[in-house]
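Visitor: Submitted below is the structure of interest, expressed as structure tokens.
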Amino acid sequence: MYYSEIAGVGSYVPEKMVSNVDLEAFIDTTDQWITTRTGIAQRRISTGEKASQMAVKAAVKAIKHAAIPIEDIDLVILATITPDFFTPSTASLVQAELKLKNITSFDISAGCTGFIYGIQIADQFIKSGKSNCALVIGAEILSKVVNWQDRNTCVLFGDGAGAVILKRSNREGILYTYTGSSGDLEGLLTLPAIPLKNPFYIDNPISDQPSYIYMNGKEIFKFATNIMLQSIERVLKETKLTIADIDFIIPHQANFRIIDYVAKKIKAKTGQFYKNLDRFGNTSAASIPLALDEMVAKGMLQKGNRVIMVGFGGGLTWGSILFNWVR
Ligand code: UT7
């Protein structure tokens, strides 16, 4: 039986910081509204970098942190809803840039839960003996798919990337993984792809509209609070642990009111849920590894700590991972 462990973490955000006050200059919003309704004060926005370029920067840091030879990596999984291309995959661009040879690389699309899905898949590759060392990345340039005239969404999102090295181990690092989806709720959070338009079907009234994120914020809020709670409870039940046995919970960073609601409901200790959305906004698939990397950089994780990562997002999707920090 093989186990997998998180051996290294890294992240990257663009230099350009955009504050709530900066947004006030061109949309009908206020710093006060954004801060009190979401907890977000600023976000990082790409001024030219692509998802693959940010992903490479996060990956290089994770590889250095893991102190592994780069050629050990035999699998690249990249979660994104904002790829550079439909094909090649952003994972393949990262694989090429890192000069990895003849390895498996692919993107996954599970919205903001993408990184959780990525860890689950990589963990299965390792446990089955198909992979020894995986690079799992969440990378997003959401600034290219938000409608900057739509105050309901554009104030919420930011750009960034986070990466982990997951490698085969004789220590039990990843303890439990869980994912789910409910495609019947897809209309609550959408980012349309290229609409059908060809010589045989030209009668599509929406075909020339740009592709933007649409979100029914209120419904997603309700969904998020319930599903985050359920996903954490599922981990605890399946592993016969209680919330008191968990050192930290790293939730998807969408809204501090969602996180605080779940923390209260589950009777978490103060500080048990980590939050950094005040500085980065919602970076979708990048949000959880970005938060994990920040916690590691701050020296918050001690060997033996039990950590739950929990996310939800477009799909709708959700999931949670319980791991031991074994470094
Ligand atoms: O990772 C993807 C998952 N996404 C999420 O988790 C998002 C979940 N949802 C939320 O976080 C919240 O629903 C939002 C932050 C999106 C919205 O907060 P809300 O408290 O649900 O506000 P609301 O949509 O009910 O809007 C309340 C008011 C409305 O005005 P009226 O109709 O009451 O006059 C909005 O037009 O706030 C207005 N509003 C704004 N005002 C200033 C909406 N956006 C803004 C804004 N600035 N940016």
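All residue names refer to the structure tokens as shown: chains lettered A, B, ... in order, residues numbered from 1 in each chain, ligands numbered from 1 in order.
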Please return as a PyMOL selection string: the residues of stretch 82-323 of chain A that backbone DSSP assigns to strand (DSSP E or B).
Guide: chain A and resi 104-108+133-141+157+159-169+174-181+189-190+198+201+214-215+248-251+273+282+306-313+317-323
Visitor: Name all residues at most 10 Å from A:Met295 (count only C-alpha atoms; drop same-chain ones fewer than 2 positions away) and give them as a list in words.
Guide: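 These residues fall inside the cut-off: Phe248, Ile250, Tyr274, Lys275, Asn276, Pro289, Leu290, Ala291, Leu292, Asp293, Ala297, Lys298, Gly299, Met300 and Leu301 of chain A.
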Visitor: Under the rule that only C-alpha atoms are counted, which of A:Asp278, A:Asp107, A:Asp203, A:Asp28 is the nearest residue to A:Leu156?
Guide: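 Selected residue with least distance to A:Leu156: A:Asp278.
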Visitor: Name the residues, by chain letter and number, that sit within 6 Å of ligand 1 using only C-alpha atoms and all ligand atoms, and give them as a ChimeraX atom specification.
Guide: /A:29-30,33-34,37-38,112,151-152,155,217-218,220-221,254-255,284,313
Visitor: Using only C-alpha atoms, determine which residues lie at most 8 Å from stretch 173-187 of chain A, disregarding the query and same-chain residues fewer than 2 positions distant; provide the list as a PyMOL selection string.
Guide: chain A and resi 3-6+116-117+120+123+169+171+189-190+231+235+239+314-326
Visitor: If you keep N, CA, C and O atoms, can you produce a file of those selected residues as an mmCIF file, in the first residue's frame?
Guide:
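Printed below is out36.cif as written:
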```cif
data_model
loop_
_atom_site.group_PDB
_atom_site.id
_atom_site.type_symbol
_atom_site.label_atom_id
_atom_site.label_comp_id
_atom_site.auth_asym_id
_atom_site.auth_seq_id
_atom_site.Cartn_x
_atom_site.Cartn_y
_atom_site.Cartn_z
ATOM 1 N N TYR A 3 1.240 5.455 0.228
ATOM 2 C CA TYR A 3 0.590 6.678 0.702
ATOM 3 C C TYR A 3 1.117 7.847 -0.118
ATOM 4 O O TYR A 3 2.136 7.735 -0.807
ATOM 5 N N SER A 4 0.446 8.984 0.004
ATOM 6 C CA SER A 4 1.008 10.196 -0.588
ATOM 7 C C SER A 4 1.108 11.274 0.485
ATOM 8 O O SER A 4 0.324 11.284 1.441
ATOM 9 N N GLU A 5 2.085 12.154 0.325
ATOM 10 C CA GLU A 5 2.243 13.259 1.270
ATOM 11 C C GLU A 5 2.531 14.552 0.524
ATOM 12 O O GLU A 5 3.113 14.535 -0.573
ATOM 13 N N ILE A 6 2.099 15.653 1.112
ATOM 14 C CA ILE A 6 2.441 16.957 0.547
ATOM 15 C C ILE A 6 3.892 17.243 0.951
ATOM 16 O O ILE A 6 4.207 17.357 2.139
ATOM 17 N N ILE A 116 -9.015 20.815 -5.067
ATOM 18 C CA ILE A 116 -9.395 19.654 -4.233
ATOM 19 C C ILE A 116 -9.525 18.408 -5.133
ATOM 20 O O ILE A 116 -9.033 17.327 -4.801
ATOM 21 N N TYR A 117 -10.197 18.589 -6.277
ATOM 22 C CA TYR A 117 -10.308 17.482 -7.240
ATOM 23 C C TYR A 117 -8.903 17.033 -7.669
ATOM 24 O O TYR A 117 -8.630 15.835 -7.794
ATOM 25 N N GLN A 120 -7.229 14.948 -5.097
ATOM 26 C CA GLN A 120 -7.854 13.617 -5.026
ATOM 27 C C GLN A 120 -7.360 12.721 -6.165
ATOM 28 O O GLN A 120 -7.030 11.553 -5.957
ATOM 29 N N ASP A 123 -3.615 11.826 -5.670
ATOM 30 C CA ASP A 123 -3.516 10.856 -4.569
ATOM 31 C C ASP A 123 -3.841 9.447 -5.078
ATOM 32 O O ASP A 123 -3.162 8.472 -4.722
ATOM 33 N N SER A 169 4.918 8.076 -0.411
ATOM 34 C CA SER A 169 5.523 8.139 0.913
ATOM 35 C C SER A 169 5.159 6.887 1.695
ATOM 36 O O SER A 169 4.160 6.232 1.414
ATOM 37 N N ARG A 171 4.696 7.433 4.793
ATOM 38 C CA ARG A 171 3.920 8.089 5.858
ATOM 39 C C ARG A 171 2.543 8.441 5.302
ATOM 40 O O ARG A 171 2.409 8.793 4.132
ATOM 41 N N LEU A 189 -23.888 29.484 -11.472
ATOM 42 C CA LEU A 189 -22.535 30.031 -11.632
ATOM 43 C C LEU A 189 -21.998 29.537 -12.971
ATOM 44 O O LEU A 189 -21.692 28.351 -13.117
ATOM 45 N N THR A 190 -21.904 30.455 -13.928
ATOM 46 C CA THR A 190 -21.542 30.012 -15.278
ATOM 47 C C THR A 190 -20.478 30.895 -15.897
ATOM 48 O O THR A 190 -20.358 32.087 -15.584
ATOM 49 N N SER A 231 -19.293 18.954 3.944
ATOM 50 C CA SER A 231 -18.019 18.369 3.490
ATOM 51 C C SER A 231 -17.062 18.162 4.659
ATOM 52 O O SER A 231 -16.313 17.182 4.697
ATOM 53 N N VAL A 235 -15.793 14.398 6.331
ATOM 54 C CA VAL A 235 -14.406 14.007 6.658
ATOM 55 C C VAL A 235 -14.323 13.522 8.096
ATOM 56 O O VAL A 235 -13.721 12.474 8.374
ATOM 57 N N THR A 239 -13.431 9.606 9.211
ATOM 58 C CA THR A 239 -12.122 9.362 9.844
ATOM 59 C C THR A 239 -12.246 9.246 11.369
ATOM 60 O O THR A 239 -11.240 9.157 12.069
ATOM 61 N N GLY A 314 -18.233 26.377 -9.043
ATOM 62 C CA GLY A 314 -19.020 26.167 -10.252
ATOM 63 C C GLY A 314 -19.121 24.686 -10.570
ATOM 64 O O GLY A 314 -18.216 23.899 -10.312
ATOM 65 N N GLY A 315 -20.233 24.326 -11.127
ATOM 66 C CA GLY A 315 -20.495 22.898 -11.441
ATOM 67 C C GLY A 315 -21.948 22.540 -11.249
ATOM 68 O O GLY A 315 -22.608 22.176 -12.177
ATOM 69 N N LEU A 316 -22.446 22.695 -10.025
ATOM 70 C CA LEU A 316 -21.710 23.057 -8.812
ATOM 71 C C LEU A 316 -20.901 21.852 -8.319
ATOM 72 O O LEU A 316 -21.314 20.713 -8.487
ATOM 73 N N THR A 317 -19.804 22.159 -7.680
ATOM 74 C CA THR A 317 -18.912 21.113 -7.174
ATOM 75 C C THR A 317 -18.548 21.413 -5.726
ATOM 76 O O THR A 317 -18.692 22.549 -5.264
ATOM 77 N N TRP A 318 -18.020 20.426 -5.058
ATOM 78 C CA TRP A 318 -17.528 20.607 -3.699
ATOM 79 C C TRP A 318 -16.571 19.487 -3.338
ATOM 80 O O TRP A 318 -16.485 18.482 -4.047
ATOM 81 N N GLY A 319 -15.870 19.657 -2.239
ATOM 82 C CA GLY A 319 -14.976 18.583 -1.818
ATOM 83 C C GLY A 319 -14.123 18.984 -0.636
ATOM 84 O O GLY A 319 -14.046 20.165 -0.259
ATOM 85 N N SER A 320 -13.511 17.967 -0.035
ATOM 86 C CA SER A 320 -12.647 18.213 1.128
ATOM 87 C C SER A 320 -11.520 17.185 1.161
ATOM 88 O O SER A 320 -11.667 16.071 0.667
ATOM 89 N N ILE A 321 -10.415 17.611 1.742
ATOM 90 C CA ILE A 321 -9.226 16.755 1.874
ATOM 91 C C ILE A 321 -8.754 16.854 3.322
ATOM 92 O O ILE A 321 -8.615 17.973 3.841
ATOM 93 N N LEU A 322 -8.474 15.725 3.941
ATOM 94 C CA LEU A 322 -7.826 15.745 5.265
ATOM 95 C C LEU A 322 -6.397 15.269 5.085
ATOM 96 O O LEU A 322 -6.166 14.222 4.471
ATOM 97 N N PHE A 323 -5.434 16.048 5.574
ATOM 98 C CA PHE A 323 -4.055 15.588 5.478
ATOM 99 C C PHE A 323 -3.285 15.834 6.772
ATOM 100 O O PHE A 323 -3.627 16.715 7.562
ATOM 101 N N ASN A 324 -2.273 15.022 6.949
ATOM 102 C CA ASN A 324 -1.291 15.226 8.008
ATOM 103 C C ASN A 324 -0.161 16.031 7.428
ATOM 104 O O ASN A 324 0.357 15.680 6.361
ATOM 105 N N TRP A 325 0.252 17.074 8.097
ATOM 106 C CA TRP A 325 1.427 17.815 7.655
ATOM 107 C C TRP A 325 2.647 17.059 8.180
ATOM 108 O O TRP A 325 2.865 17.000 9.388
ATOM 109 N N VAL A 326 3.373 16.424 7.279
ATOM 110 C CA VAL A 326 4.419 15.501 7.729
ATOM 111 C C VAL A 326 5.829 16.074 7.579
ATOM 112 O O VAL A 326 6.802 15.401 7.925
#
```
Visitor: For A:Val146, which residue out of A:Ser211, A:Ser46, A:Thr283, A:Gln95 is the nearest one, using only C-alpha atoms?
Guide: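 With only C-alpha atoms as the atom set, the closest residue is A:Ser211.
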Visitor: Grab the atom CA of A:Gly311 to atom CA of A:Met228 distance for me, in Å with one decimal place.
Guide: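 One can read the atom CA of A:Gly311 to atom CA of A:Met228 distance as 6.7 Å.
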Visitor: With only C-alpha atoms as the basis for distance, which of A:Ile194, A:Leu98, A:Ile108, A:Ile103 is at the shortest distance from A:Ile63?
Guide: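 When distances to A:Ile63 are compared using only C-alpha atoms, the smallest one comes from A:Leu98.
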Visitor: A:Leu229: which residues within 7 Å, counting only C-alpha atoms, same-chain residues fewer than 4 positions away excluded, as JSON, numbers by chain?
Guide: {"A": [225, 233, 262]}
Visitor: Would you save the residues from that selection as a PDB file, in the first residue's frame, using C-alpha atoms?
Guide:
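Writing done, so here's result.pdb:
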```
ATOM      1  CA  THR A 225     -22.588  27.428   3.721  1.00  0.00           C
ATOM      2  CA  GLU A 233     -18.679  16.751   8.686  1.00  0.00           C
ATOM      3  CA  VAL A 262     -19.422  27.563   8.888  1.00  0.00           C
TER       4      VAL A 262
END
```
Visitor: Please extract the residues of stretch 87-278 of chain A with a backbone DSSP assignment of helix (DSSP H, G or I) and present them as a VMD selection string.
Guide: chain A and resid 90 to 97 111 to 127 142 to 144 151 to 154 183 to 188 217 to 239 243 to 245 256 to 265 277 to 278
